[in-house]
$ cat target-v3.cif   # mmCIF, C-alpha atoms, pLDDT in the B column; chains and numbers go by the auth columns
data_target
#
loop_
_atom_site.group_PDB
_atom_site.id
_atom_site.type_symbol
_atom_site.label_atom_id
_atom_site.label_comp_id
_atom_site.label_asym_id
_atom_site.label_seq_id
_atom_site.Cartn_x
_atom_site.Cartn_y
_atom_site.Cartn_z
_atom_site.B_iso_or_equiv
_atom_site.auth_seq_id
_atom_site.auth_asym_id
ATOM 1 C CA MET A 1 -26.251 57.475 -59.326 74.00 1 A
ATOM 2 C CA ARG A 2 -23.870 54.516 -59.665 79.00 2 A
ATOM 3 C CA PHE A 3 -21.161 57.002 -60.548 82.00 3 A
ATOM 4 C CA LEU A 4 -21.685 58.916 -57.300 85.00 4 A
ATOM 5 C CA SER A 5 -21.783 55.799 -55.114 87.00 5 A
ATOM 6 C CA LEU A 6 -18.634 54.477 -56.784 88.00 6 A
ATOM 7 C CA GLY A 7 -16.925 57.795 -55.993 89.00 7 A
ATOM 8 C CA ILE A 8 -17.986 57.649 -52.340 89.00 8 A
ATOM 9 C CA LEU A 9 -16.878 54.022 -52.080 88.00 9 A
ATOM 10 C CA LEU A 10 -13.498 54.755 -53.656 89.00 10 A
ATOM 11 C CA PHE A 11 -12.892 57.694 -51.336 90.00 11 A
ATOM 12 C CA ALA A 12 -13.874 55.641 -48.286 89.00 12 A
ATOM 13 C CA PHE A 13 -11.430 52.966 -49.464 89.00 13 A
ATOM 14 C CA TRP A 14 -8.711 55.600 -49.916 89.00 14 A
ATOM 15 C CA LEU A 15 -9.280 56.899 -46.382 88.00 15 A
ATOM 16 C CA LEU A 16 -9.248 53.368 -45.022 87.00 16 A
ATOM 17 C CA LEU A 17 -5.944 52.480 -46.612 86.00 17 A
ATOM 18 C CA SER A 18 -4.162 55.790 -46.004 85.00 18 A
ATOM 19 C CA GLY A 19 -5.471 56.878 -42.602 81.00 19 A
ATOM 20 C CA HIS A 20 -4.434 60.487 -43.354 80.00 20 A
ATOM 21 C CA TYR A 21 -6.767 63.338 -42.495 83.00 21 A
ATOM 22 C CA GLN A 22 -4.696 66.458 -43.382 86.00 22 A
ATOM 23 C CA THR A 23 -6.334 68.817 -45.869 87.00 23 A
ATOM 24 C CA LEU A 24 -3.600 68.564 -48.501 90.00 24 A
ATOM 25 C CA LEU A 25 -3.571 64.776 -48.504 90.00 25 A
ATOM 26 C CA ILE A 26 -7.371 64.559 -48.584 90.00 26 A
ATOM 27 C CA VAL A 27 -7.419 66.861 -51.600 92.00 27 A
ATOM 28 C CA LEU A 28 -4.816 64.662 -53.311 92.00 28 A
ATOM 29 C CA GLY A 29 -6.949 61.634 -52.454 91.00 29 A
ATOM 30 C CA LEU A 30 -9.999 63.281 -53.978 92.00 30 A
ATOM 31 C CA VAL A 31 -8.008 64.030 -57.131 93.00 31 A
ATOM 32 C CA SER A 32 -6.962 60.382 -57.449 92.00 32 A
ATOM 33 C CA VAL A 33 -10.583 59.292 -56.891 92.00 33 A
ATOM 34 C CA GLY A 34 -11.561 61.684 -59.683 92.00 34 A
ATOM 35 C CA ILE A 35 -8.986 60.156 -62.037 94.00 35 A
ATOM 36 C CA CYS A 36 -10.241 56.650 -61.208 91.00 36 A
ATOM 37 C CA LEU A 37 -13.836 57.725 -61.864 90.00 37 A
ATOM 38 C CA TYR A 38 -12.820 59.224 -65.199 90.00 38 A
ATOM 39 C CA LEU A 39 -11.068 55.991 -66.198 91.00 39 A
ATOM 40 C CA ALA A 40 -14.033 53.887 -65.025 88.00 40 A
ATOM 41 C CA LYS A 41 -16.347 56.049 -67.097 86.00 41 A
ATOM 42 C CA ARG A 42 -14.121 55.716 -70.157 88.00 42 A
ATOM 43 C CA MET A 43 -13.933 51.944 -69.701 86.00 43 A
ATOM 44 C CA GLN A 44 -17.721 51.855 -69.224 81.00 44 A
ATOM 45 C CA ILE A 45 -17.517 49.663 -66.148 80.00 45 A
ATOM 46 C CA THR A 46 -19.921 51.650 -63.982 77.00 46 A
ATOM 47 C CA ASP A 47 -22.893 49.558 -65.157 77.00 47 A
ATOM 48 C CA TYR A 48 -25.035 47.104 -63.201 74.00 48 A
ATOM 49 C CA GLU A 49 -22.360 44.420 -63.584 75.00 49 A
ATOM 50 C CA GLY A 50 -19.267 46.383 -62.642 74.00 50 A
ATOM 51 C CA HIS A 51 -20.777 48.185 -59.697 76.00 51 A
ATOM 52 C CA PRO A 52 -23.914 46.327 -58.564 79.00 52 A
ATOM 53 C CA ILE A 53 -25.210 48.602 -55.803 77.00 53 A
ATOM 54 C CA HIS A 54 -28.789 47.548 -56.566 78.00 54 A
ATOM 55 C CA LEU A 55 -27.964 44.263 -54.812 81.00 55 A
ATOM 56 C CA ALA A 56 -27.097 45.906 -51.493 79.00 56 A
ATOM 57 C CA ALA A 57 -30.580 45.413 -49.979 79.00 57 A
ATOM 58 C CA GLY A 58 -30.764 41.736 -50.942 80.00 58 A
ATOM 59 C CA ALA A 59 -27.249 41.112 -49.649 83.00 59 A
ATOM 60 C CA ILE A 60 -28.410 41.778 -46.073 85.00 60 A
ATOM 61 C CA THR A 61 -30.375 38.525 -46.081 87.00 61 A
ATOM 62 C CA TYR A 62 -28.386 36.545 -48.663 88.00 62 A
ATOM 63 C CA ILE A 63 -24.921 36.864 -47.100 88.00 63 A
ATOM 64 C CA PRO A 64 -25.852 35.627 -43.584 89.00 64 A
ATOM 65 C CA TRP A 65 -27.623 32.649 -45.162 90.00 65 A
ATOM 66 C CA LEU A 66 -24.542 31.917 -47.283 89.00 66 A
ATOM 67 C CA VAL A 67 -22.251 32.181 -44.240 89.00 67 A
ATOM 68 C CA LEU A 68 -24.456 29.687 -42.403 90.00 68 A
ATOM 69 C CA GLU A 69 -24.224 27.306 -45.394 89.00 69 A
ATOM 70 C CA ILE A 70 -20.429 27.712 -45.394 89.00 70 A
ATOM 71 C CA VAL A 71 -20.261 26.851 -41.683 90.00 71 A
ATOM 72 C CA LYS A 72 -22.475 23.765 -42.153 89.00 72 A
ATOM 73 C CA SER A 73 -20.551 22.417 -45.132 89.00 73 A
ATOM 74 C CA THR A 74 -17.177 23.191 -43.504 89.00 74 A
ATOM 75 C CA ILE A 75 -18.211 21.001 -40.562 90.00 75 A
ATOM 76 C CA ASP A 76 -19.211 18.240 -43.021 88.00 76 A
ATOM 77 C CA VAL A 77 -15.859 18.417 -44.837 89.00 77 A
ATOM 78 C CA THR A 78 -14.013 18.486 -41.479 90.00 78 A
ATOM 79 C CA LYS A 79 -15.748 15.238 -40.476 89.00 79 A
ATOM 80 C CA ILE A 80 -14.752 13.643 -43.804 89.00 80 A
ATOM 81 C CA VAL A 81 -11.106 14.713 -43.523 89.00 81 A
ATOM 82 C CA LEU A 82 -10.785 13.549 -39.912 90.00 82 A
ATOM 83 C CA SER A 83 -12.466 10.165 -40.374 88.00 83 A
ATOM 84 C CA PRO A 84 -9.831 7.455 -40.958 87.00 84 A
ATOM 85 C CA SER A 85 -11.639 5.805 -43.899 85.00 85 A
ATOM 86 C CA LEU A 86 -11.874 9.101 -45.869 84.00 86 A
ATOM 87 C CA PRO A 87 -15.508 8.540 -47.015 86.00 87 A
ATOM 88 C CA ILE A 88 -15.493 10.601 -50.209 85.00 88 A
ATOM 89 C CA SER A 89 -17.545 9.930 -53.329 87.00 89 A
ATOM 90 C CA PRO A 90 -16.431 12.573 -55.869 87.00 90 A
ATOM 91 C CA THR A 91 -19.146 13.427 -58.339 86.00 91 A
ATOM 92 C CA MET A 92 -19.310 15.685 -61.373 87.00 92 A
ATOM 93 C CA ILE A 93 -22.791 17.003 -62.113 88.00 93 A
ATOM 94 C CA LYS A 94 -24.257 19.444 -64.586 88.00 94 A
ATOM 95 C CA ILE A 95 -26.803 21.856 -63.195 88.00 95 A
ATOM 96 C CA ILE A 96 -28.882 24.530 -64.871 87.00 96 A
ATOM 97 C CA ALA A 97 -28.750 27.991 -63.347 87.00 97 A
ATOM 98 C CA THR A 98 -32.078 29.812 -63.472 86.00 98 A
ATOM 99 C CA GLN A 99 -30.657 33.331 -63.056 84.00 99 A
ATOM 100 C CA LYS A 100 -31.475 35.734 -65.864 83.00 100 A
ATOM 101 C CA THR A 101 -28.259 37.791 -66.009 84.00 101 A
ATOM 102 C CA HIS A 102 -24.570 36.945 -66.207 84.00 102 A
ATOM 103 C CA LEU A 103 -24.173 38.661 -62.851 85.00 103 A
ATOM 104 C CA GLY A 104 -26.746 36.311 -61.309 86.00 104 A
ATOM 105 C CA VAL A 105 -25.066 33.198 -62.709 88.00 105 A
ATOM 106 C CA ASN A 106 -21.757 34.557 -61.458 87.00 106 A
ATOM 107 C CA ILE A 107 -23.192 35.018 -57.950 88.00 107 A
ATOM 108 C CA TYR A 108 -24.625 31.492 -57.991 90.00 108 A
ATOM 109 C CA GLY A 109 -21.423 29.903 -59.288 89.00 109 A
ATOM 110 C CA ASN A 110 -19.271 31.731 -56.781 89.00 110 A
ATOM 111 C CA SER A 111 -21.642 30.792 -53.943 90.00 111 A
ATOM 112 C CA ILE A 112 -21.249 27.140 -54.951 90.00 112 A
ATOM 113 C CA THR A 113 -17.465 27.475 -54.946 89.00 113 A
ATOM 114 C CA LEU A 114 -17.419 29.323 -51.618 88.00 114 A
ATOM 115 C CA THR A 115 -19.171 26.499 -49.786 87.00 115 A
ATOM 116 C CA PRO A 116 -16.524 23.820 -49.144 85.00 116 A
ATOM 117 C CA GLY A 117 -17.334 20.500 -50.781 85.00 117 A
ATOM 118 C CA THR A 118 -18.580 21.901 -54.082 88.00 118 A
ATOM 119 C CA ILE A 119 -16.643 23.679 -56.839 88.00 119 A
ATOM 120 C CA THR A 120 -17.940 25.230 -60.041 89.00 120 A
ATOM 121 C CA VAL A 121 -15.529 23.873 -62.632 88.00 121 A
ATOM 122 C CA GLU A 122 -17.049 25.149 -65.849 86.00 122 A
ATOM 123 C CA ALA A 123 -19.694 27.732 -66.675 85.00 123 A
ATOM 124 C CA GLN A 124 -21.178 27.797 -70.174 85.00 124 A
ATOM 125 C CA GLY A 125 -24.118 30.182 -70.336 82.00 125 A
ATOM 126 C CA GLN A 126 -26.718 28.749 -67.971 85.00 126 A
ATOM 127 C CA GLU A 127 -24.968 25.385 -67.595 87.00 127 A
ATOM 128 C CA LEU A 128 -22.657 24.897 -64.647 89.00 128 A
ATOM 129 C CA MET A 129 -20.398 21.891 -64.223 88.00 129 A
ATOM 130 C CA VAL A 130 -19.963 21.261 -60.519 89.00 130 A
ATOM 131 C CA HIS A 131 -17.482 18.947 -58.843 89.00 131 A
ATOM 132 C CA ALA A 132 -18.746 17.745 -55.479 89.00 132 A
ATOM 133 C CA LEU A 133 -16.696 15.986 -52.833 87.00 133 A
ATOM 134 C CA THR A 134 -19.545 13.653 -51.882 86.00 134 A
ATOM 135 C CA GLN A 135 -22.658 12.305 -53.562 86.00 135 A
ATOM 136 C CA ALA A 136 -24.701 13.842 -50.754 85.00 136 A
ATOM 137 C CA GLY A 137 -23.273 17.285 -51.482 84.00 137 A
ATOM 138 C CA ALA A 138 -24.197 16.934 -55.154 85.00 138 A
ATOM 139 C CA ASN A 139 -27.735 15.873 -54.232 85.00 139 A
ATOM 140 C CA ASP A 140 -28.095 18.868 -51.922 84.00 140 A
ATOM 141 C CA LEU A 141 -27.222 21.102 -54.833 85.00 141 A
ATOM 142 C CA LYS A 142 -29.724 19.358 -57.094 84.00 142 A
ATOM 143 C CA THR A 143 -32.590 20.303 -54.763 85.00 143 A
ATOM 144 C CA GLY A 144 -31.987 23.834 -56.024 82.00 144 A
ATOM 145 C CA ASP A 145 -32.354 25.709 -52.747 85.00 145 A
ATOM 146 C CA MET A 146 -29.245 27.806 -53.348 86.00 146 A
ATOM 147 C CA ASP A 147 -30.303 28.355 -56.962 86.00 147 A
ATOM 148 C CA ARG A 148 -33.662 29.751 -55.868 86.00 148 A
ATOM 149 C CA ARG A 149 -32.085 32.018 -53.283 86.00 149 A
ATOM 150 C CA ALA A 150 -29.505 33.324 -55.744 85.00 150 A
ATOM 151 C CA THR A 151 -32.280 33.999 -58.280 85.00 151 A
ATOM 152 C CA ALA A 152 -34.324 35.861 -55.663 84.00 152 A
ATOM 153 C CA PHE A 153 -31.212 37.808 -54.652 83.00 153 A
ATOM 154 C CA GLU A 154 -30.480 38.797 -58.249 77.00 154 A
ATOM 155 C CA ALA A 155 -34.076 39.784 -58.936 74.00 155 A
ATOM 156 C CA GLU A 156 -34.185 42.356 -56.140 64.00 156 A
ATOM 157 C CA GLU A 157 -34.023 45.513 -58.223 56.00 157 A
ATOM 158 C CA THR A 158 -34.316 48.649 -56.155 45.00 158 A
ATOM 159 C CA ASN A 159 -33.658 51.249 -58.819 40.00 159 A
ATOM 160 C CA MET B 1 -11.331 43.238 -21.641 76.00 1 B
ATOM 161 C CA ILE B 2 -10.747 39.739 -20.340 86.00 2 B
ATOM 162 C CA PHE B 3 -13.939 38.692 -22.115 87.00 3 B
ATOM 163 C CA LEU B 4 -12.642 40.093 -25.417 88.00 4 B
ATOM 164 C CA ASP B 5 -9.347 38.249 -24.943 89.00 5 B
ATOM 165 C CA VAL B 6 -11.118 34.961 -24.256 92.00 6 B
ATOM 166 C CA ALA B 7 -13.424 35.434 -27.250 91.00 7 B
ATOM 167 C CA SER B 8 -10.526 36.216 -29.564 92.00 8 B
ATOM 168 C CA PHE B 9 -8.591 33.236 -28.162 93.00 9 B
ATOM 169 C CA VAL B 10 -11.518 30.947 -28.978 93.00 10 B
ATOM 170 C CA LEU B 11 -11.921 32.404 -32.484 93.00 11 B
ATOM 171 C CA LEU B 12 -8.208 32.174 -33.282 94.00 12 B
ATOM 172 C CA THR B 13 -8.008 28.594 -31.996 94.00 13 B
ATOM 173 C CA LEU B 14 -11.068 27.527 -33.976 93.00 14 B
ATOM 174 C CA GLY B 15 -9.712 29.243 -37.085 92.00 15 B
ATOM 175 C CA GLY B 16 -6.368 27.536 -36.586 93.00 16 B
ATOM 176 C CA PHE B 17 -8.153 24.216 -36.199 93.00 17 B
ATOM 177 C CA PHE B 18 -9.938 24.611 -39.529 92.00 18 B
ATOM 178 C CA VAL B 19 -6.721 25.718 -41.256 92.00 19 B
ATOM 179 C CA PHE B 20 -5.022 22.609 -39.836 92.00 20 B
ATOM 180 C CA VAL B 21 -7.844 20.331 -40.982 91.00 21 B
ATOM 181 C CA GLY B 22 -7.681 21.967 -44.397 90.00 22 B
ATOM 182 C CA ALA B 23 -3.964 21.258 -44.626 91.00 23 B
ATOM 183 C CA LEU B 24 -4.503 17.681 -43.471 91.00 24 B
ATOM 184 C CA GLY B 25 -7.228 17.277 -46.078 89.00 25 B
ATOM 185 C CA LEU B 26 -4.899 18.667 -48.724 89.00 26 B
ATOM 186 C CA TYR B 27 -2.494 15.864 -47.834 89.00 27 B
ATOM 187 C CA ARG B 28 -5.058 13.069 -47.573 88.00 28 B
ATOM 188 C CA MET B 29 -7.234 13.697 -50.638 87.00 29 B
ATOM 189 C CA PRO B 30 -6.484 11.647 -53.766 85.00 30 B
ATOM 190 C CA ASP B 31 -6.587 14.145 -56.669 86.00 31 B
ATOM 191 C CA VAL B 32 -6.411 17.824 -57.563 87.00 32 B
ATOM 192 C CA TYR B 33 -10.177 18.470 -57.468 86.00 33 B
ATOM 193 C CA THR B 34 -10.814 16.832 -54.116 87.00 34 B
ATOM 194 C CA ARG B 35 -7.766 18.616 -52.706 88.00 35 B
ATOM 195 C CA MET B 36 -9.312 21.905 -53.748 87.00 36 B
ATOM 196 C CA HIS B 37 -12.316 21.146 -51.552 86.00 37 B
ATOM 197 C CA ALA B 38 -10.040 20.810 -48.546 87.00 38 B
ATOM 198 C CA ALA B 39 -8.190 24.003 -49.455 86.00 39 B
ATOM 199 C CA GLY B 40 -11.553 25.765 -49.749 83.00 40 B
ATOM 200 C CA MET B 41 -12.057 25.462 -45.996 84.00 41 B
ATOM 201 C CA VAL B 42 -8.847 27.334 -45.296 86.00 42 B
ATOM 202 C CA ASP B 43 -9.719 30.458 -47.230 83.00 43 B
ATOM 203 C CA THR B 44 -13.359 30.654 -46.119 85.00 44 B
ATOM 204 C CA LEU B 45 -14.115 29.666 -42.540 88.00 45 B
ATOM 205 C CA GLY B 46 -10.495 29.301 -41.400 89.00 46 B
ATOM 206 C CA ALA B 47 -9.501 32.760 -42.597 89.00 47 B
ATOM 207 C CA ALA B 48 -12.802 34.315 -41.462 90.00 48 B
ATOM 208 C CA LEU B 49 -12.487 33.031 -37.891 92.00 49 B
ATOM 209 C CA MET B 50 -8.855 34.071 -37.583 92.00 50 B
ATOM 210 C CA ILE B 51 -9.561 37.549 -38.950 92.00 51 B
ATOM 211 C CA ALA B 52 -12.502 37.880 -36.538 91.00 52 B
ATOM 212 C CA GLY B 53 -10.188 36.926 -33.670 92.00 53 B
ATOM 213 C CA MET B 54 -7.615 39.504 -34.788 92.00 54 B
ATOM 214 C CA MET B 55 -10.337 42.159 -35.048 91.00 55 B
ATOM 215 C CA LEU B 56 -11.202 41.607 -31.393 90.00 56 B
ATOM 216 C CA GLN B 57 -7.527 42.043 -30.496 89.00 57 B
ATOM 217 C CA ALA B 58 -7.215 45.259 -32.513 87.00 58 B
ATOM 218 C CA GLY B 59 -10.188 46.890 -30.789 82.00 59 B
ATOM 219 C CA PHE B 60 -12.108 49.756 -32.362 82.00 60 B
ATOM 220 C CA SER B 61 -9.543 51.241 -34.740 84.00 61 B
ATOM 221 C CA LEU B 62 -8.560 51.635 -38.359 86.00 62 B
ATOM 222 C CA VAL B 63 -6.842 48.247 -38.206 88.00 63 B
ATOM 223 C CA THR B 64 -10.190 46.579 -37.466 90.00 64 B
ATOM 224 C CA LEU B 65 -11.745 48.222 -40.506 89.00 65 B
ATOM 225 C CA LYS B 66 -8.816 47.115 -42.641 89.00 66 B
ATOM 226 C CA LEU B 67 -9.210 43.541 -41.408 90.00 67 B
ATOM 227 C CA LEU B 68 -12.929 43.704 -42.190 90.00 68 B
ATOM 228 C CA THR B 69 -12.139 44.902 -45.724 90.00 69 B
ATOM 229 C CA LEU B 70 -9.671 42.047 -46.086 90.00 70 B
ATOM 230 C CA LEU B 71 -12.366 39.589 -45.011 89.00 71 B
ATOM 231 C CA ILE B 72 -14.852 40.950 -47.556 88.00 72 B
ATOM 232 C CA LEU B 73 -12.226 40.854 -50.314 88.00 73 B
ATOM 233 C CA PHE B 74 -11.414 37.236 -49.367 87.00 74 B
ATOM 234 C CA PHE B 75 -15.025 36.292 -49.956 86.00 75 B
ATOM 235 C CA PHE B 76 -14.930 37.812 -53.430 86.00 76 B
ATOM 236 C CA PHE B 77 -11.499 36.659 -54.570 88.00 77 B
ATOM 237 C CA SER B 78 -11.180 33.118 -53.252 88.00 78 B
ATOM 238 C CA PRO B 79 -14.041 31.553 -55.266 88.00 79 B
ATOM 239 C CA VAL B 80 -12.729 33.226 -58.429 89.00 80 B
ATOM 240 C CA ALA B 81 -9.229 31.856 -57.830 89.00 81 B
ATOM 241 C CA THR B 82 -10.573 28.388 -56.990 89.00 82 B
ATOM 242 C CA HIS B 83 -12.760 28.364 -60.094 89.00 83 B
ATOM 243 C CA ALA B 84 -9.869 29.507 -62.296 90.00 84 B
ATOM 244 C CA LEU B 85 -7.665 26.721 -60.907 89.00 85 B
ATOM 245 C CA ALA B 86 -10.328 24.017 -61.320 88.00 86 B
ATOM 246 C CA ARG B 87 -11.169 25.169 -64.841 88.00 87 B
ATOM 247 C CA ALA B 88 -7.502 25.324 -65.825 90.00 88 B
ATOM 248 C CA ALA B 89 -7.022 21.782 -64.488 89.00 89 B
ATOM 249 C CA LEU B 90 -10.023 20.517 -66.456 87.00 90 B
ATOM 250 C CA HIS B 91 -8.888 22.195 -69.671 87.00 91 B
ATOM 251 C CA ALA B 92 -5.359 20.853 -69.220 88.00 92 B
ATOM 252 C CA GLY B 93 -6.915 17.391 -69.312 83.00 93 B
ATOM 253 C CA VAL B 94 -6.647 16.390 -65.664 81.00 94 B
ATOM 254 C CA LYS B 95 -9.440 13.880 -65.224 82.00 95 B
ATOM 255 C CA PRO B 96 -11.179 13.912 -61.866 82.00 96 B
ATOM 256 C CA ILE B 97 -11.391 10.662 -59.943 80.00 97 B
ATOM 257 C CA LEU B 98 -15.087 9.905 -59.871 79.00 98 B
ATOM 258 C CA GLN B 99 -16.976 7.489 -57.702 72.00 99 B
ATOM 259 C CA ASP B 100 -18.059 5.290 -60.621 61.00 100 B
ATOM 260 C CA GLU B 101 -14.537 4.484 -61.764 49.00 101 B
ATOM 261 C CA PRO B 102 -12.355 3.789 -58.722 47.00 102 B
ATOM 262 C CA GLY B 103 -8.602 3.886 -59.090 45.00 103 B
ATOM 263 C CA GLU B 104 -8.715 5.761 -62.384 42.00 104 B
ATOM 264 C CA SER B 105 -6.196 8.427 -61.550 43.00 105 B
ATOM 265 C CA ASP B 106 -3.903 10.012 -64.056 39.00 106 B
ATOM 266 C CA LYS B 107 -1.983 13.097 -63.203 35.00 107 B
#

$ encode --input "target-v3.cif" --output "structure tokens"
Amino acid sequence: MRFLSLGILLFAFWLLLSGHYQTLLIVLGLVSVGICLYLAKRMQITDYEGHPIHLAAGAITYIPWLVLEIVKSTIDVTKIVLSPSLPISPTMIKIIATQKTHLGVNIYGNSITLTPGTITVEAQGQELMVHALTQAGANDLKTGDMDRRATAFEAEETN
Amino acid sequence: MIFLDVASFVLLTLGGFFVFVGALGLYRMPDVYTRMHAAGMVDTLGAALMIAGMMLQAGFSLVTLKLLTLLILFFFFSPVATHALARAALHAGVKPILQDEPGESDK
């Protein structure tokens, strides 16, 4: 199942990058997709972590929410940069991620880093060290809204 | 068509604005970690808006799909790169300036 979807995705990517539709070239593309699939199989990276298609349904709601968060925090950071007094209060906090899998913690940590104003500096198991540009940003993170959403996103198993 | 041009003009200008603010922040912030926050704006919203503006210019073609792929890849790669940089800085012993201890900068 994952194997098939990875093959389709790889071929779509090949078509996208090449833009060739002649029979010979498409056959060559299919051959290269086949080689990639064989290598992926040998390396055993077609598991839930390497090719997480089971997250596709949850991504439809999670990604727009994350984009909205990025827009909000970008506006906050813009205000800080443009104000003459540079009102920053850098803070380093330790937060506990409640996701069950490495993939979930990875999604949460990367979501933190993607939103301007907070960076995941260190990840040890379930413990994340986060550097925040302002105290307010750190407090926002402590409320755990993003953590809950990332956990819900990870938990959406469809297969 | 004129509507598309205006929309892409607005998107490109806004994207350029955020890239500029990011660069300004990079200059104004005191240490490596806070600078990373400013740089984070450039590769998320700045890049996203500019790519969206370029997509409107390209119209419905393969180029638009390529730009979209680029945008998606940006959203996967940039946090990983930022995290790697921050972690490397921490492990190399660069201490972040924290609010509690003002003026404690060592590079």

$ atom_distance --input "target-v3.cif" --atom1 "CA of His54 in chain A" --atom2 "CA of Ala155 in chain A"
9.7 Å

$ closest_residue --input "target-v3.cif" --among "A:Leu9, A:Leu28, A:Leu16, A:Ile96" --to "Leu68 in chain B" --atoms "all atoms listed in the file"
A:Leu16

$ resolve_selection --input "target-v3.cif" --expression "the PyMOL selection byres ((chain A) within 7 of (chain B))" --output "ChimeraX atom specification"
/A:16,71,74,78,81,89-91,110,113-114,116-122,133

$ closest_residue --input "target-v3.cif" --among "A:Leu128, A:Ala150, A:Leu141, A:Leu86" --to "Tyr108 in chain A" --atoms "only C-alpha atoms"
A:Ala150

$ atom_distance --input "target-v3.cif" --atom1 "CA of Ile93 in chain A" --atom2 "CA of Ala132 in chain A"
7.8 Å

$ atom_distance --input "target-v3.cif" --atom1 "CA of Met50 in chain B" --atom2 "CA of Ser18 in chain A"
23.8 Å

$ closest_residue --input "target-v3.cif" --among "A:Ile63, A:Leu10, A:Ile107, A:Met1" --to "Ile72 in chain B" --atoms "only C-alpha atoms"
A:Ile63

$ resolve_selection --input "target-v3.cif" --expression "the PyMOL selection byres ((chain B and resi 53) around 6)" --output "number ranges by chain"
B: 8, 11-12, 50-52, 54-56

$ resolve_selection --input "target-v3.cif" --expression "the PyMOL selection byres ((chain A and resi 140) around 12)" --output "list of chain:residue names"
A:Glu69, A:Ser73, A:Ile93, A:Ile95, A:Ile112, A:Thr115, A:Gly117, A:Thr118, A:Ala132, A:Leu133, A:Thr134, A:Gln135, A:Ala136, A:Gly137, A:Ala138, A:Asn139, A:Leu141, A:Lys142, A:Thr143, A:Gly144, A:Asp145, A:Met146, A:Asp147

$ decode --input "target-v3.cif" --residues "range 7-19 of chain B" --atoms "N, CA and C atoms" --output "mmCIF file, in the first residue's frame"
data_model
loop_
_atom_site.group_PDB
_atom_site.id
_atom_site.type_symbol
_atom_site.label_atom_id
_atom_site.label_comp_id
_atom_site.auth_asym_id
_atom_site.auth_seq_id
_atom_site.Cartn_x
_atom_site.Cartn_y
_atom_site.Cartn_z
ATOM 1 N N ALA B 7 -2.944 41.210 -8.086
ATOM 2 C CA ALA B 7 -2.816 40.285 -6.954
ATOM 3 C C ALA B 7 -1.369 39.836 -6.795
ATOM 4 N N SER B 8 -0.717 39.509 -7.911
ATOM 5 C CA SER B 8 0.661 39.035 -7.801
ATOM 6 C C SER B 8 1.589 40.173 -7.386
ATOM 7 N N PHE B 9 1.264 41.400 -7.815
ATOM 8 C CA PHE B 9 2.046 42.568 -7.373
ATOM 9 C C PHE B 9 1.966 42.717 -5.860
ATOM 10 N N VAL B 10 0.739 42.597 -5.328
ATOM 11 C CA VAL B 10 0.545 42.737 -3.881
ATOM 12 C C VAL B 10 1.305 41.641 -3.138
ATOM 13 N N LEU B 11 1.186 40.390 -3.624
ATOM 14 C CA LEU B 11 1.850 39.271 -2.951
ATOM 15 C C LEU B 11 3.366 39.438 -2.972
ATOM 16 N N LEU B 12 3.905 39.813 -4.145
ATOM 17 C CA LEU B 12 5.357 39.964 -4.251
ATOM 18 C C LEU B 12 5.855 41.095 -3.357
ATOM 19 N N THR B 13 5.090 42.202 -3.310
ATOM 20 C CA THR B 13 5.508 43.328 -2.471
ATOM 21 C C THR B 13 5.488 42.950 -0.999
ATOM 22 N N LEU B 14 4.388 42.270 -0.587
ATOM 23 C CA LEU B 14 4.298 41.843 0.809
ATOM 24 C C LEU B 14 5.429 40.881 1.153
ATOM 25 N N GLY B 15 5.688 39.928 0.251
ATOM 26 C CA GLY B 15 6.772 38.975 0.475
ATOM 27 C C GLY B 15 8.100 39.695 0.597
ATOM 28 N N GLY B 16 8.328 40.656 -0.300
ATOM 29 C CA GLY B 16 9.554 41.442 -0.248
ATOM 30 C C GLY B 16 9.680 42.208 1.041
ATOM 31 N N PHE B 17 8.527 42.714 1.531
ATOM 32 C CA PHE B 17 8.526 43.451 2.795
ATOM 33 C C PHE B 17 8.995 42.553 3.936
ATOM 34 N N PHE B 18 8.435 41.328 3.982
ATOM 35 C CA PHE B 18 8.813 40.430 5.080
ATOM 36 C C PHE B 18 10.271 39.994 4.966
ATOM 37 N N VAL B 19 10.751 39.792 3.731
ATOM 38 C CA VAL B 19 12.166 39.444 3.549
ATOM 39 C C VAL B 19 13.046 40.597 4.042
#
